[in-house]
Amino acid sequence: MIKVWSDGIASGLLDRGRDPLSGRGSVFAYLHDATPHRAVSVTMPVRLQSWDTALGLAPIFEMNLPEGALRERLRLRFAKAAGSFDDFDLLSIVGRSQLGRLRYSGTEDRLDESVPFQSVDEVLYSRGGIELFRSLMDKFATDSGISGVQPKVLIRDEKAYADSDERLSQTFRGATHIVKFWNPDEFPQLAANEYFCLQVARRCGLDLPTYRLAEDGSALVIDRFDLHADGTYCGFEDFCVLNARRTDEKYRGSYETSIMKRFQQFSNSQHVFADMEKLFTLIALNCALRNGDAHLKNFAILYDDVLGEARLAPVYDVITTTAYLPKDGMALTMDGSTHWPTAKKLRAFGEMRIMGAPKKIGQILERIADALSDTADLLRMHARENPAFASVGARMLEEWETGRQQSLGS
Ligand SMILES: Nc1ncnc2c1ncn2[C@@H]1O[C@H](COP(=O)(O)OP(=O)(O)OP(=O)(O)O)[C@@H](O)[C@H]1O
Ligand SMILES: [Mg+2]
């Protein structure tokens, strides 16, 4: 059995399924004294009756489970001792150090989310490459309650916040940054690819956390955006959770319903239309950049109060996937298709879904086109100075040009 904490307070108990026939699901019950503010998700209000899931864990508990390389690393390390290894086992290991406001522990344990110190500067400037990657995976795998297929870890460097306006609490010992690496055989130069795509997003006026590219291009270091200066966390829920989908269903759905309509349903905020405009900008940007990985887990909401207003989370995980997979299409459907939309279709989507005047939608697409041009100059400069990035960089520029012509109409 696992104890579930929300905002540092015990809120309920999670157990494997009771059904002796399948035995594959899970059961979550709130503690009898849990107040409505202890709800683990905007989709799971506090109630007497338990929340039962037929297969695996409820989406909010599954949300931060490692995928890909990190999951495999943990499986190899722990399956030997345990004999078998499922999502419940994985949550018992990484649950104490997670993104968002939920934590998990043994039923008798107290909360301990401390993570060892790791200098961000070392990651950025030591040129440690693959060796540094291996040592960080060894050291931080069990502290890394973070999803995603690409190799990554959560680390703690509270000093890295010293220059920002908001100084982090001295007593804070939890994770502060995400370090993303890449597999050279699969997606070479992925960190630089993401770095420049994020630059475009910033130039479109979207919100982003601080992100930095290691000098040797081996890693991208991103500040957590769900962390307050006093060491408390925001609620964070991705669109798999909002759509009641499992992680392996993250490519199922449409931008119309599973993203735009769902956001409107859960936003509960006076800023809903401003956020929907940002959401449309982000979707259009993904088309222009040819990011075929804009699935349900790559959009999220943030909130301070689970019963209060939710805002669109800052942008993360934006990549030109067609630089590696030329035939890649969209991750979700638009107007029933995963083919990259024409500018006409994208305009119609915007006019319909954010009720934007044609002029306004046109301005958004123009802004994206300008951001692409400005960032393309920086990308070219970086490719000249870093020959290892030159070929991926050149492919990105070609894809951006195609994206601009077909999807922005400029
Ligand atoms: N700056 C951030 N602050 C807090 N949480 C974040 C931040 N960036 C990403 N996340 C969370 O971490 C998860 C993994 O990050 P990301 O999507 O960048 O990894 P990925 O391996 O590239 O994912 P994918 O499997 O989609 O390729 C995201 O789904 C999101 O839940
Ligand atoms: Mg992702």
# chains A, B, ... in the order shown; residues from 1 in each chain; ligands from 1

$ residues_around --residues "Gln264 of chain A" --least-positions-apart "4" --cutoff "10 Å" --atoms "only C-alpha atoms" --output "PyMOL selection string"
chain A and resi 257+259-260+268-269+272-273+275-276+310

$ residues_near_ligand --ligand "ligand 1" --cutoff "8 Å" --atoms "only C-alpha atoms and all ligand atoms" --output "tab-separated table (two decimals) with C-alpha atoms, in the first residue's frame"
chain	number	residue	atom	x	y	z
A	63	MET	CA	1.42	10.94	-14.83
A	64	ASN	CA	5.06	11.28	-13.69
A	67	GLU	CA	9.20	6.04	-19.56
A	68	GLY	CA	11.98	5.05	-21.95
A	99	LEU	CA	6.92	16.97	-10.37
A	100	GLY	CA	3.74	18.69	-9.21
A	146	ILE	CA	9.35	12.55	-14.27
A	147	SER	CA	7.72	11.11	-17.40
A	148	GLY	CA	8.87	11.24	-21.02
A	149	VAL	CA	10.67	8.89	-23.35
A	150	GLN	CA	13.92	10.86	-23.74
A	151	PRO	CA	16.67	10.22	-21.15
A	152	LYS	CA	16.49	12.71	-18.30
A	177	HIS	CA	15.96	21.32	-12.47
A	178	ILE	CA	15.35	18.86	-15.26
A	180	LYS	CA	17.51	16.20	-20.66
A	208	LEU	CA	8.63	29.47	-20.88
A	209	PRO	CA	10.81	28.46	-17.95
A	210	THR	CA	14.53	29.29	-18.01
A	222	ILE	CA	15.40	23.42	-17.60
A	223	ASP	CA	14.18	25.15	-14.43
A	224	ARG	CA	11.09	23.60	-12.89
A	225	PHE	CA	8.08	25.83	-13.43
A	226	ASP	CA	5.98	24.09	-10.79
A	227	LEU	CA	8.20	25.24	-7.92
A	236	PHE	CA	0.39	20.29	-12.36
A	237	GLU	CA	-1.76	18.03	-14.54
A	238	ASP	CA	-1.19	17.02	-18.13
A	293	ASP	CA	5.23	14.89	-30.80
A	294	ALA	CA	2.69	17.43	-29.49
A	295	HIS	CA	0.68	14.71	-27.73
A	297	LYS	CA	1.36	14.76	-22.18
A	298	ASN	CA	3.04	17.75	-23.79
A	299	PHE	CA	0.29	20.18	-22.74
A	300	ALA	CA	-0.60	20.84	-19.12
A	314	PRO	CA	4.49	27.19	-19.73
A	315	VAL	CA	5.75	25.62	-22.95
A	316	TYR	CA	7.94	22.49	-22.81
A	317	ASP	CA	9.10	19.67	-25.10
A	318	VAL	CA	8.91	21.37	-28.50

$ residues_around --residues "segment 42-48 of chain A" --least-positions-apart "6" --cutoff "12 Å" --atoms "only C-alpha atoms" --output "PyMOL selection string"
chain A and resi 6+11-12+28-36+58-61+235-245+262-263+265-268+301-310

$ select_by_dssp --residues "segment 95-176 of chain A" --states "helix (DSSP H, G or I)" --output "PyMOL selection string"
chain A and resi 120-125+129-143+158-161

$ closest_residue --among "A:Leu220, A:Leu296, A:Ala383, A:Ala54" --to "ligand 2" --atoms "only C-alpha atoms and all ligand atoms"
A:Leu296

$ residues_around --residues "Ala371 of chain A" --least-positions-apart "6" --cutoff "6 Å" --atoms "only C-alpha atoms" --output "list in words"
Val200, Arg203 and Cys204 of chain A

$ write_last_selection --atoms "N, CA and C atoms" --output "tab-separated table (two decimals), in the first residue's frame"
chain	number	residue	atom	x	y	z
A	200	VAL	N	12.08	29.88	-30.52
A	200	VAL	CA	11.00	30.36	-31.40
A	200	VAL	C	9.75	30.61	-30.55
A	203	ARG	N	9.88	33.78	-28.69
A	203	ARG	CA	9.69	34.94	-29.57
A	203	ARG	C	8.24	35.09	-30.03
A	204	CYS	N	7.46	34.05	-29.84
A	204	CYS	CA	6.02	34.15	-30.16
A	204	CYS	C	5.25	34.75	-28.99

$ select_by_dssp --residues "segment 200-360 of chain A" --states "strand (DSSP E or B)" --output "list in words"
Tyr211, Arg212, Leu213, Leu220, Val221, Ile222, Asp223, Leu227, Tyr233, Gly235, Phe236, Glu237, Asp238, Ser254, Ala300, Ile301, Leu302, Tyr303, Arg311, Leu312, Thr333, Met334 and Ser337 of chain A

$ write_last_selection --atoms "N, CA and C atoms" --output "PDB file, in the first residue's frame"
ATOM      1  N   TYR A 211      15.744  27.969 -19.672  1.00  0.00           N
ATOM      2  CA  TYR A 211      16.329  26.732 -20.216  1.00  0.00           C
ATOM      3  C   TYR A 211      17.702  27.079 -20.769  1.00  0.00           C
ATOM      4  N   ARG A 212      18.661  26.175 -20.570  1.00  0.00           N
ATOM      5  CA  ARG A 212      20.025  26.436 -21.020  1.00  0.00           C
ATOM      6  C   ARG A 212      20.610  25.208 -21.703  1.00  0.00           C
ATOM      7  N   LEU A 213      21.396  25.474 -22.747  1.00  0.00           N
ATOM      8  CA  LEU A 213      22.024  24.391 -23.513  1.00  0.00           C
ATOM      9  C   LEU A 213      23.463  24.221 -23.021  1.00  0.00           C
ATOM     10  N   LEU A 220      20.188  19.638 -22.130  1.00  0.00           N
ATOM     11  CA  LEU A 220      19.388  20.843 -21.957  1.00  0.00           C
ATOM     12  C   LEU A 220      18.981  20.873 -20.488  1.00  0.00           C
ATOM     13  N   VAL A 221      19.225  22.001 -19.810  1.00  0.00           N
ATOM     14  CA  VAL A 221      18.882  22.111 -18.391  1.00  0.00           C
ATOM     15  C   VAL A 221      17.704  23.077 -18.282  1.00  0.00           C
ATOM     16  N   ILE A 222      16.628  22.624 -17.653  1.00  0.00           N
ATOM     17  CA  ILE A 222      15.398  23.422 -17.600  1.00  0.00           C
ATOM     18  C   ILE A 222      14.986  23.629 -16.147  1.00  0.00           C
ATOM     19  N   ASP A 223      14.689  24.870 -15.781  1.00  0.00           N
ATOM     20  CA  ASP A 223      14.184  25.151 -14.430  1.00  0.00           C
ATOM     21  C   ASP A 223      12.773  24.590 -14.291  1.00  0.00           C
ATOM     22  N   LEU A 227       7.572  25.047  -9.226  1.00  0.00           N
ATOM     23  CA  LEU A 227       8.197  25.243  -7.921  1.00  0.00           C
ATOM     24  C   LEU A 227       8.093  26.708  -7.497  1.00  0.00           C
ATOM     25  N   TYR A 233       4.925  23.635  -4.025  1.00  0.00           N
ATOM     26  CA  TYR A 233       4.722  23.324  -5.439  1.00  0.00           C
ATOM     27  C   TYR A 233       3.346  23.720  -5.949  1.00  0.00           C
ATOM     28  N   GLY A 235       0.073  22.770  -8.340  1.00  0.00           N
ATOM     29  CA  GLY A 235      -0.566  21.604  -8.925  1.00  0.00           C
ATOM     30  C   GLY A 235      -0.233  21.602 -10.406  1.00  0.00           C
ATOM     31  N   PHE A 236      -0.003  20.424 -10.964  1.00  0.00           N
ATOM     32  CA  PHE A 236       0.392  20.292 -12.361  1.00  0.00           C
ATOM     33  C   PHE A 236      -0.300  19.053 -12.909  1.00  0.00           C
ATOM     34  N   GLU A 237      -1.076  19.199 -13.964  1.00  0.00           N
ATOM     35  CA  GLU A 237      -1.757  18.029 -14.539  1.00  0.00           C
ATOM     36  C   GLU A 237      -1.682  18.100 -16.060  1.00  0.00           C
ATOM     37  N   ASP A 238      -1.267  17.000 -16.665  1.00  0.00           N
ATOM     38  CA  ASP A 238      -1.187  17.018 -18.127  1.00  0.00           C
ATOM     39  C   ASP A 238      -2.535  16.590 -18.739  1.00  0.00           C
ATOM     40  N   SER A 254      -7.979  14.625 -30.369  1.00  0.00           N
ATOM     41  CA  SER A 254      -7.925  15.705 -31.362  1.00  0.00           C
ATOM     42  C   SER A 254      -7.537  17.003 -30.673  1.00  0.00           C
ATOM     43  N   ALA A 300      -0.228  21.043 -20.530  1.00  0.00           N
ATOM     44  CA  ALA A 300      -0.596  20.845 -19.116  1.00  0.00           C
ATOM     45  C   ALA A 300      -1.206  22.109 -18.530  1.00  0.00           C
ATOM     46  N   ILE A 301      -1.848  21.923 -17.370  1.00  0.00           N
ATOM     47  CA  ILE A 301      -2.334  23.079 -16.602  1.00  0.00           C
ATOM     48  C   ILE A 301      -1.550  23.181 -15.294  1.00  0.00           C
ATOM     49  N   LEU A 302      -1.535  24.389 -14.747  1.00  0.00           N
ATOM     50  CA  LEU A 302      -0.887  24.663 -13.455  1.00  0.00           C
ATOM     51  C   LEU A 302      -1.896  25.372 -12.575  1.00  0.00           C
ATOM     52  N   TYR A 303      -1.865  25.091 -11.262  1.00  0.00           N
ATOM     53  CA  TYR A 303      -2.743  25.823 -10.344  1.00  0.00           C
ATOM     54  C   TYR A 303      -2.135  25.851  -8.948  1.00  0.00           C
ATOM     55  N   ARG A 311      -4.278  27.633 -14.910  1.00  0.00           N
ATOM     56  CA  ARG A 311      -3.741  28.358 -16.067  1.00  0.00           C
ATOM     57  C   ARG A 311      -3.008  27.379 -16.976  1.00  0.00           C
ATOM     58  N   LEU A 312      -2.826  27.781 -18.218  1.00  0.00           N
ATOM     59  CA  LEU A 312      -2.046  26.957 -19.133  1.00  0.00           C
ATOM     60  C   LEU A 312      -0.602  26.933 -18.638  1.00  0.00           C
ATOM     61  N   THR A 333      -5.189  14.628 -33.921  1.00  0.00           N
ATOM     62  CA  THR A 333      -5.832  15.030 -35.179  1.00  0.00           C
ATOM     63  C   THR A 333      -6.317  16.490 -35.146  1.00  0.00           C
ATOM     64  N   MET A 334      -6.360  17.075 -36.338  1.00  0.00           N
ATOM     65  CA  MET A 334      -7.025  18.371 -36.522  1.00  0.00           C
ATOM     66  C   MET A 334      -7.962  18.179 -37.709  1.00  0.00           C
ATOM     67  N   SER A 337      -7.684  14.687 -39.173  1.00  0.00           N
ATOM     68  CA  SER A 337      -6.504  14.159 -39.855  1.00  0.00           C
ATOM     69  C   SER A 337      -5.222  14.516 -39.098  1.00  0.00           C
TER      70      SER A 337
END

$ residues_around --residues "Tyr104 of chain A" --least-positions-apart "2" --cutoff "7 Å" --atoms "only C-alpha atoms" --output "VMD selection string"
chain A and resid 2 to 5 92 95 to 96 102

$ write_last_selection --atoms "N, CA and C atoms" --output "CSV table (one decimal), in the first residue's frame"
chain,number,residue,atom,x,y,z
A,2,ILE,N,0.4,2.3,-0.7
A,2,ILE,CA,1.2,3.6,-0.8
A,2,ILE,C,0.4,4.7,-0.2
A,3,LYS,N,1.1,5.5,0.6
A,3,LYS,CA,0.4,6.7,1.1
A,3,LYS,C,0.6,7.9,0.1
A,4,VAL,N,-0.5,8.6,-0.2
A,4,VAL,CA,-0.4,9.7,-1.1
A,4,VAL,C,-0.6,11.0,-0.4
A,5,TRP,N,0.4,11.9,-0.7
A,5,TRP,CA,0.4,13.2,-0.1
A,5,TRP,C,0.1,14.3,-1.1
A,92,SER,N,6.4,3.4,-6.1
A,92,SER,CA,7.0,3.3,-4.7
A,92,SER,C,8.4,3.8,-4.7
A,95,GLY,N,8.2,7.9,-6.3
A,95,GLY,CA,7.1,8.7,-5.8
A,95,GLY,C,7.5,9.8,-4.8
A,96,ARG,N,8.6,9.6,-4.1
A,96,ARG,CA,8.9,10.6,-3.1
A,96,ARG,C,9.5,11.9,-3.7
A,102,LEU,N,1.9,16.3,-5.7
A,102,LEU,CA,1.7,15.0,-5.1
A,102,LEU,C,3.0,14.2,-4.7
